[in-house]
Amino acid sequence: MPICQKCNNKWSWKQTLKKMFTLDTGMTCPYCREKQYQTQKSKKKAGLLNFFVPLPLLFNIFFDIPGIILLRLFPVLFFLIMSLHPFLIRLSNIEEDFNFFEK
């Protein structure tokens, strides 16, 4: 779970999930109200996790999976990924430029 770099309080899963769905690049700490930013490394991990959602389509190419099973897998994978996403978030006091291909 994310830890505020200003006050060192650990955010709860619910607080983190709520903060993820804002359009602002910064997330306000629920404890000290300071703006926190997701680290570049954290953004990369979260971005890679999103590639698992279309995974059933890839399986369908190699194995003949019925369409109804594929349709049921998408919401399950989406829910699983959204549940795991808050555990990958790491915070910083400064906003880093995001470059997906940089080390």
# chains A, B, ... in the order shown; residues from 1 in each chain; ligands from 1

$ closest_atom_pairs --of "region 32-57 of chain A" --to "region 83-99 of chain A" --cutoff "7 Å" --atoms "only C-alpha atoms" --output "CSV"
residue,atom,partner,partner_atom,distance
A:Gln36,CA,A:Asn93,CA,5.2
A:Tyr37,CA,A:Ser92,CA,5.2
A:Gln38,CA,A:Leu91,CA,4.6
A:Thr39,CA,A:Leu91,CA,5.6
A:Gln40,CA,A:Phe98,CA,5.8
A:Ser42,CA,A:Ile89,CA,5.4
A:Lys45,CA,A:Leu88,CA,6.9
A:Ala46,CA,A:His85,CA,6.4

$ select_by_dssp --residues "chain A" --states "strand (DSSP E or B)" --output "count of residues only"
11

$ select_by_dssp --residues "chain A" --states "helix (DSSP H, G or I)" --output "number ranges by chain"
A: 13-20, 40-52, 55-62, 67-88

$ closest_residue --among "A:Cys4, A:Pro56, A:Asn9, A:Leu49" --to "Thr28 (chain A)" --atoms "only C-alpha atoms"
A:Cys4

$ atom_distance --atom1 "CA of Leu48 (chain A)" --atom2 "CA of Leu70 (chain A)"
20.8 Å

$ atom_distance --atom1 "CA of Leu77 (chain A)" --atom2 "CA of Phe52 (chain A)"
7.3 Å

$ residues_around --residues "Lys18 (chain A)" --least-positions-apart "3" --cutoff "12 Å" --atoms "only C-alpha atoms" --output "list in words"
Trp11, Ser12, Trp13, Lys14, Gln15, Phe21, Thr22, Leu23, Met27, Thr28, Cys29, Pro30, Met82, Ser83, His85 and Pro86 of chain A

$ atom_distance --atom1 "CA of Phe79 (chain A)" --atom2 "CA of Pro54 (chain A)"
13.2 Å
